[in-house]
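Reading through the structure tokens given below for one structure.
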Amino acid sequence: MSTDRILLTLGFFLFWALMVALMYRGWKKRAGRQADVIGDLPAVPADLGALLIPPSSGLYVGSTLAPSWQDRIAVGDIGFRATGDLSRHEKGVLLERDGASAIWIPQASIRAIRTERGLAGKVMSKDGVLVIRWELPTGTEIDTGFRGDDKSVYPAWVNGENA
């Protein structure tokens with residue numbers, strides 16, 4: 001192996017490591033800027049109320065600051081995609097994520113439920129993502145996206161059945 005090849009390989013590796021470090025730094029700075037706007041998420045209550053829509057499995061695609069579908073929230077673990085289950089209860093919506101904390105959306109905080117083509121940089125087919133717009137305790141509105149494995153449950157969410 002020639003010295004030129006070794007130096008070129010080392011150069012590419014260092015460039016790649018620098019790019020990863022810069023992305024990580026950018027993610028941390030974004031989280032710092034958003035911390036006050038996001039605040040603490042509502043805790044999951046002990047009593048969720050009656051089950052209105054049973055759990056559906058799928059992918060939590062992320063949450064964004066409304067109305068931007070690409071301004072991903074980086075605070076805590078809410079910015080990380082994860083598989084999970086979405087269910088609707090009398091007192092709100094519960095999103096239980098695998099390997100991450102659960103997200104509780106109180107009924108009084110929900111502003112709209114709709115389907116979209118994409119959210120948080122994840123683009124799918126038409127009406128591929130169920131999006132819940134809700135207000136945080138800080139007063140900030142965010143959109144939380146869930147891509148269900150079974151899209152036939154979307155009408156129950158969107159049409160206000162069991163709302």
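Ligands are numbered from 1 in the order shown, chains are lettered A, B, ... in the order of the structure tokens, and residues start at 1 in each chain.
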
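For Ala46 in chain A, the list of residues within 12 Å, based on only C-alpha atoms and with local chain neighbours fewer than 5 positions off taken out, reads A:Lys91, A:Leu94, A:Trp104.
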
Could you take the residues named above and write them with all heavy atoms, as a short mmCIF file (atom, residue, chain, number, x, y, z; two decimals), in the first residue's frame?
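As a result, again-v2.cif now contains:
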data_model
loop_
_atom_site.label_atom_id
_atom_site.label_comp_id
_atom_site.auth_asym_id
_atom_site.auth_seq_id
_atom_site.Cartn_x
_atom_site.Cartn_y
_atom_site.Cartn_z
N LYS A 91 -58.70 11.34 28.34
CA LYS A 91 -57.98 12.52 28.83
C LYS A 91 -56.84 12.97 27.92
O LYS A 91 -56.16 13.94 28.24
CB LYS A 91 -57.45 12.25 30.23
CG LYS A 91 -58.57 12.05 31.24
CD LYS A 91 -58.03 11.88 32.63
CE LYS A 91 -59.18 11.71 33.62
NZ LYS A 91 -58.69 11.52 34.99
N LEU A 94 -51.69 9.12 24.08
CA LEU A 94 -50.47 8.53 24.62
C LEU A 94 -49.66 7.93 23.48
O LEU A 94 -50.16 7.11 22.72
CB LEU A 94 -50.80 7.45 25.65
CG LEU A 94 -49.59 6.74 26.27
CD1 LEU A 94 -48.71 7.73 27.04
CD2 LEU A 94 -50.06 5.61 27.18
N TRP A 104 -47.08 12.31 26.34
CA TRP A 104 -48.48 12.49 26.71
C TRP A 104 -48.98 13.82 26.17
O TRP A 104 -48.36 14.86 26.40
CB TRP A 104 -48.65 12.45 28.23
CG TRP A 104 -50.04 12.77 28.67
CD1 TRP A 104 -50.46 13.90 29.32
CD2 TRP A 104 -51.21 11.97 28.48
NE1 TRP A 104 -51.80 13.84 29.54
CE2 TRP A 104 -52.30 12.67 29.05
CE3 TRP A 104 -51.44 10.73 27.89
CZ2 TRP A 104 -53.60 12.16 29.03
CZ3 TRP A 104 -52.74 10.23 27.88
CH2 TRP A 104 -53.79 10.94 28.45
#

Quiz item: Near Arg97 in chain A, counting only C-alpha atoms, which residues have an atom at most 6 Å away, once you skip same-chain residues fewer than 6 positions from it, shown as a list in words?
Solution: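 What passes the distance filter is Ala82, Thr83 and Gly84 of chain A.
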
With N, CA, C and O atoms kept, could you save the residues just selected as a PDB file, in the first residue's frame?
ATOM      1  N   ALA A  82     -38.524   6.790  16.741  1.00  0.00           N
ATOM      2  CA  ALA A  82     -38.617   5.523  17.462  1.00  0.00           C
ATOM      3  C   ALA A  82     -39.909   4.815  17.073  1.00  0.00           C
ATOM      4  O   ALA A  82     -40.905   5.464  16.757  1.00  0.00           O
ATOM      5  N   THR A  83     -39.873   3.503  17.084  1.00  0.00           N
ATOM      6  CA  THR A  83     -41.111   2.756  16.897  1.00  0.00           C
ATOM      7  C   THR A  83     -41.919   2.868  18.186  1.00  0.00           C
ATOM      8  O   THR A  83     -41.379   3.132  19.258  1.00  0.00           O
ATOM      9  N   GLY A  84     -43.211   2.659  18.062  1.00  0.00           N
ATOM     10  CA  GLY A  84     -44.042   2.767  19.258  1.00  0.00           C
ATOM     11  C   GLY A  84     -45.505   2.530  18.957  1.00  0.00           C
ATOM     12  O   GLY A  84     -45.881   2.093  17.859  1.00  0.00           O
TER      13      GLY A  84
END

Report as a tab-separated table the residues of range 47-89 of chain A within 10 Å of range 27-43 of chain A, each with its shortest atom pair and distance in Å (one decimal), using only C-alpha atoms, ordered by chain and increasing residue number.
residue	atom	partner	partner_atom	distance
A:Leu65	CA	A:Ile38	CA	9.0
A:Asp71	CA	A:Arg30	CA	9.9
A:Arg72	CA	A:Arg30	CA	9.2
A:Ile73	CA	A:Ala31	CA	7.3
A:Ala74	CA	A:Ala31	CA	4.7
A:Val75	CA	A:Ala31	CA	4.7
A:Gly76	CA	A:Ala31	CA	7.7
A:Ile78	CA	A:Leu41	CA	9.3
A:Gly79	CA	A:Ala31	CA	9.3

Any chance you could tabulate, as a Markdown table, the residues of range 49-113 of chain A at most 6 Å from range 133-153 of chain A with each one's nearest atom pair and distance in Å to one decimal, using only C-alpha atoms, in chain and rising number order?
| residue | atom | partner | partner_atom | distance |
| --- | --- | --- | --- | --- |
| A:Ser57 | CA | A:Asp149 | CA | 5.9 |
| A:Gly58 | CA | A:Gly148 | CA | 4.1 |
| A:Leu59 | CA | A:Arg147 | CA | 5.0 |
| A:Tyr60 | CA | A:Phe146 | CA | 4.5 |
| A:Val61 | CA | A:Gly145 | CA | 5.4 |
| A:Gly62 | CA | A:Gly145 | CA | 5.7 |
| A:Ser63 | CA | A:Thr144 | CA | 4.3 |
| A:Thr64 | CA | A:Asp143 | CA | 5.3 |
| A:Leu65 | CA | A:Ile142 | CA | 4.5 |
| A:Ala66 | CA | A:Ile142 | CA | 4.7 |
| A:Ser109 | CA | A:Glu135 | CA | 5.0 |
| A:Ile110 | CA | A:Trp134 | CA | 4.3 |
| A:Arg111 | CA | A:Trp134 | CA | 5.1 |
| A:Ala112 | CA | A:Arg133 | CA | 5.2 |

Quiz item: Leaving out range 47-51 of chain A and any residue of its chain fewer than 4 positions from it, which residues lie within 7 Å of it when counting only C-alpha atoms, given as a list of chain:residue names?
Solution: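 Surrounding residues, per the criterion: A:Arg88, A:His89, A:Glu90, A:Lys91.
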
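Comparing the minimum interatomic distances between Asp127 in chain A and each of A:Leu86, A:Ile113, A:Ile103, A:Leu52, counting only C-alpha atoms, we find that A:Ile113 sits nearest.
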
Quiz item: Using only C-alpha atoms, which residue out of A:Ile53, A:Leu14, A:Ala102, A:Ile132 lies closest to Glu116 in chain A?
Solution: A:Ile132
